[in-house]
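Next up, coords09.pdb (PDB, C-alpha atoms):
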ATOM      1  CA  MET H   1       6.527 -22.221  15.740
ATOM      2  CA  ALA H   2       5.631 -19.134  13.669
ATOM      3  CA  ASP H   3       7.927 -20.363  10.889
ATOM      4  CA  ALA H   4       5.962 -23.610  10.696
ATOM      5  CA  VAL H   5       2.751 -21.680  10.095
ATOM      6  CA  LEU H   6       4.217 -19.158   7.673
ATOM      7  CA  SER H   7       6.259 -21.685   5.690
ATOM      8  CA  PRO H   8       3.926 -24.408   4.414
ATOM      9  CA  ARG H   9       5.495 -27.769   3.787
ATOM     10  CA  GLY H  10       4.438 -30.328   1.270
ATOM     11  CA  ASP H  11       4.703 -31.275  -2.346
ATOM     12  CA  GLN H  12       6.313 -28.287  -4.098
ATOM     13  CA  HIS H  13       4.225 -28.839  -7.225
ATOM     14  CA  VAL H  14       1.021 -28.615  -5.192
ATOM     15  CA  LEU H  15       2.231 -25.516  -3.361
ATOM     16  CA  ASP H  16       3.153 -23.828  -6.655
ATOM     17  CA  ARG H  17      -0.286 -24.593  -8.093
ATOM     18  CA  LEU H  18      -1.980 -23.230  -4.965
ATOM     19  CA  ARG H  19       0.002 -20.008  -5.202
ATOM     20  CA  ALA H  20      -0.852 -19.648  -8.892
ATOM     21  CA  ALA H  21      -4.547 -20.313  -8.241
ATOM     22  CA  ALA H  22      -4.588 -17.704  -5.478
ATOM     23  CA  GLN H  23      -3.354 -15.099  -7.969
ATOM     24  CA  GLN H  24      -5.967 -15.931 -10.621
ATOM     25  CA  LYS H  25      -9.137 -13.814 -10.712
ATOM     26  CA  GLN H  26     -12.441 -15.641 -10.678
ATOM     27  CA  THR H  27     -14.663 -15.433 -13.728
ATOM     28  CA  PRO H  28     -18.130 -13.871 -13.414
ATOM     29  CA  ALA H  29     -19.628 -17.386 -13.708
ATOM     30  CA  GLU H  30     -17.437 -18.642 -10.852
ATOM     31  CA  LEU H  31     -18.404 -15.670  -8.672
ATOM     32  CA  PHE H  32     -22.080 -16.288  -9.440
ATOM     33  CA  GLU H  33     -21.827 -19.959  -8.445
ATOM     34  CA  GLN H  34     -19.953 -18.998  -5.281
ATOM     35  CA  ARG H  35     -22.799 -16.630  -4.352
ATOM     36  CA  VAL H  36     -25.367 -19.359  -5.058
ATOM     37  CA  SER H  37     -23.449 -21.773  -2.820
ATOM     38  CA  PHE H  38     -23.207 -19.180  -0.047
ATOM     39  CA  VAL H  39     -26.944 -18.451  -0.082
ATOM     40  CA  TYR H  40     -27.889 -22.126  -0.375
ATOM     41  CA  SER H  41     -25.641 -23.089   2.531
ATOM     42  CA  ALA H  42     -27.289 -20.441   4.726
ATOM     43  CA  MET H  43     -30.759 -21.878   4.070
ATOM     44  CA  SER H  44     -32.461 -24.185   6.529
ATOM     45  CA  GLU H  45     -32.786 -27.780   5.356
ATOM     46  CA  ARG H  46     -36.470 -27.475   6.149
ATOM     47  CA  SER H  47     -36.954 -24.566   3.760
ATOM     48  CA  GLY H  48     -37.516 -26.905   0.831
ATOM     49  CA  VAL H  49     -35.696 -24.490  -1.474
ATOM     50  CA  SER H  50     -33.569 -26.240  -4.068
ATOM     51  CA  ARG H  51     -30.166 -25.106  -5.255
ATOM     52  CA  GLU H  52     -31.737 -24.456  -8.665
ATOM     53  CA  LYS H  53     -34.353 -22.152  -7.093
ATOM     54  CA  VAL H  54     -31.588 -20.242  -5.288
ATOM     55  CA  ARG H  55     -29.748 -19.977  -8.616
ATOM     56  CA  GLN H  56     -32.896 -18.519 -10.229
ATOM     57  CA  LEU H  57     -33.404 -16.043  -7.385
ATOM     58  CA  VAL H  58     -29.782 -14.858  -7.409
ATOM     59  CA  SER H  59     -29.988 -14.457 -11.171
ATOM     60  CA  ALA H  60     -33.226 -12.451 -10.852
ATOM     61  CA  HIS H  61     -31.617 -10.302  -8.170
ATOM     62  CA  ASP H  62     -28.688  -9.576 -10.464
ATOM     63  CA  ALA H  63     -31.124  -8.547 -13.206
ATOM     64  CA  GLY H  64     -32.968  -6.228 -10.824
ATOM     65  CA  VAL H  65     -36.151  -8.276 -10.935
ATOM     66  CA  VAL H  66     -38.355  -8.265  -7.858
ATOM     67  CA  VAL H  67     -39.529 -11.788  -7.087
ATOM     68  CA  THR H  68     -42.557 -12.439  -4.917
ATOM     69  CA  SER H  69     -43.042 -15.963  -3.603
TER      70      SER H  69
END
Structure encoded using C-alpha coordinates:
Amino acid sequence: MADAVLSPRGDQHVLDRLRAAAQQKQTPAELFEQRVSFVYSAMSERSGVSREKVRQLVSAHDAGVVVTS
(Lines of atoms letter the chains of each structure in order from A and count residues from 1; the text may use other names and numbers.)
(Lines give C-alpha, C1' and ligand atoms only; values in the text may rest on other atoms or scores of the structure.)
Protein backbone atom coordinates (compact mmCIF):
# COMPACT_ATOMS: atom_id res chain seq x y z
CA MET A 1 0.00 0.00 0.00
CA ALA A 2 2.75 2.48 0.94
CA ASP A 3 4.51 1.75 -2.35
CA ALA A 4 1.39 2.77 -4.26
CA VAL A 5 1.41 6.16 -2.55
CA LEU A 6 5.14 6.74 -2.81
CA SER A 7 5.47 5.52 -6.40
CA PRO A 8 3.08 7.52 -8.59
CA ARG A 9 1.88 5.81 -11.72
CA GLY A 10 0.90 7.43 -14.95
CA ASP A 11 2.26 8.87 -18.13
CA GLN A 12 6.05 9.08 -17.64
CA HIS A 13 6.24 12.31 -19.65
CA VAL A 14 3.72 13.96 -17.34
CA LEU A 15 5.51 12.69 -14.24
CA ASP A 16 8.85 13.99 -15.54
CA ARG A 17 7.34 17.42 -16.21
CA LEU A 18 5.79 17.51 -12.73
CA ARG A 19 9.13 16.69 -11.14
CA ALA A 20 10.87 19.37 -13.20
CA ALA A 21 8.21 21.96 -12.32
CA ALA A 22 8.55 21.13 -8.63
CA GLN A 23 12.26 21.96 -8.82
CA GLN A 24 11.75 25.32 -10.57
CA LYS A 25 11.65 28.45 -8.40
CA GLN A 26 8.71 30.77 -8.84
CA THR A 27 9.32 34.23 -10.24
CA PRO A 28 8.48 37.28 -8.11
CA ALA A 29 5.46 37.91 -10.38
CA GLU A 30 4.21 34.35 -9.83
CA LEU A 31 4.64 34.67 -6.06
CA PHE A 32 2.75 37.98 -6.12
CA GLU A 33 -0.16 36.46 -8.04
CA GLN A 34 -0.20 33.49 -5.68
CA ARG A 35 -0.49 35.88 -2.72
CA VAL A 36 -3.30 37.78 -4.47
CA SER A 37 -5.16 34.51 -5.08
CA PHE A 38 -4.70 33.44 -1.46
CA VAL A 39 -6.06 36.72 -0.07
CA TYR A 40 -8.92 36.85 -2.59
CA SER A 41 -9.96 33.28 -1.82
CA ALA A 42 -10.11 34.09 1.91
CA MET A 43 -12.51 36.99 1.30
CA SER A 44 -16.24 36.63 1.79
CA GLU A 45 -18.27 36.72 -1.41
CA ARG A 46 -20.33 39.43 0.23
CA SER A 47 -17.33 41.70 0.73
CA GLY A 48 -17.70 43.17 -2.75
CA VAL A 49 -13.91 43.37 -3.08
CA SER A 50 -12.69 42.57 -6.57
CA ARG A 51 -9.58 40.61 -7.42
CA GLU A 52 -8.15 43.81 -8.91
CA LYS A 53 -8.70 45.67 -5.61
CA VAL A 54 -6.93 42.86 -3.73
CA ARG A 55 -4.09 43.11 -6.26
CA GLN A 56 -3.83 46.87 -5.59
CA LEU A 57 -3.86 46.36 -1.82
CA VAL A 58 -1.21 43.63 -1.89
CA SER A 59 0.92 45.83 -4.12
CA ALA A 60 0.50 48.78 -1.73
CA HIS A 61 1.40 46.53 1.19
CA ASP A 62 4.57 45.45 -0.58
CA ALA A 63 5.48 49.10 -1.14
CA GLY A 64 4.90 49.91 2.53
CA VAL A 65 1.95 52.16 1.81
CA VAL A 66 -0.76 52.40 4.44
CA VAL A 67 -4.18 52.21 2.81
CA THR A 68 -7.29 53.46 4.57
CA SER A 69 -10.64 52.41 3.14
From (-40.4, -14.2, -6.7), in the file's coordinates, out to 12 Å: which residues are reached, counting only C-alpha atoms? Answer as a PyMOL selection string. chain H and resi 53-54+56-61+64-69
Selection export as a JSON list (two decimals), keeping the file's coordinate frame, atoms kept: C-alpha atoms:
[["chain", "number", "residue", "atom", "x", "y", "z"],
["H", 53, "LYS", "CA", -34.35, -22.15, -7.09],
["H", 54, "VAL", "CA", -31.59, -20.24, -5.29],
["H", 56, "GLN", "CA", -32.90, -18.52, -10.23],
["H", 57, "LEU", "CA", -33.40, -16.04, -7.38],
["H", 58, "VAL", "CA", -29.78, -14.86, -7.41],
["H", 59, "SER", "CA", -29.99, -14.46, -11.17],
["H", 60, "ALA", "CA", -33.23, -12.45, -10.85],
["H", 61, "HIS", "CA", -31.62, -10.30, -8.17],
["H", 64, "GLY", "CA", -32.97, -6.23, -10.82],
["H", 65, "VAL", "CA", -36.15, -8.28, -10.94],
["H", 66, "VAL", "CA", -38.35, -8.26, -7.86],
["H", 67, "VAL", "CA", -39.53, -11.79, -7.09],
["H", 68, "THR", "CA", -42.56, -12.44, -4.92],
["H", 69, "SER", "CA", -43.04, -15.96, -3.60]]
Select, from H:Thr27, H:Arg17, H:Ala63, H:Arg55, the residue with the minimum atom-to-atom distance to Tyr40 (chain H), counting only C-alpha atoms. H:Arg55
Point-to-point distance from CA of Asp62 (chain H) to CA of Met43 (chain H), Å rounded to tenths: 19.2 Å
Hey, can you check how far CA of Pro28 (chain H) sits from CA of Ser44 (chain H)?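 Between CA of Pro28 (chain H) and CA of Ser44 (chain H) the gap works out to 26.6 Å.
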Could you tell me how far CA of Glu52 (chain H) sits from CA of Val36 (chain H), in Å to one decimal place? 8.9 Å
Draw an axis-aligned box over all listed atoms of region 50-65 of chain H, pad each side with 5 Å, and write its centre and edge lengths in Å, one decimal, as AutoDock Vina command-line options.
--center_x -32.4 --center_y -16.2 --center_z -8.6 --size_x 17.5 --size_y 30.0 --size_z 19.1
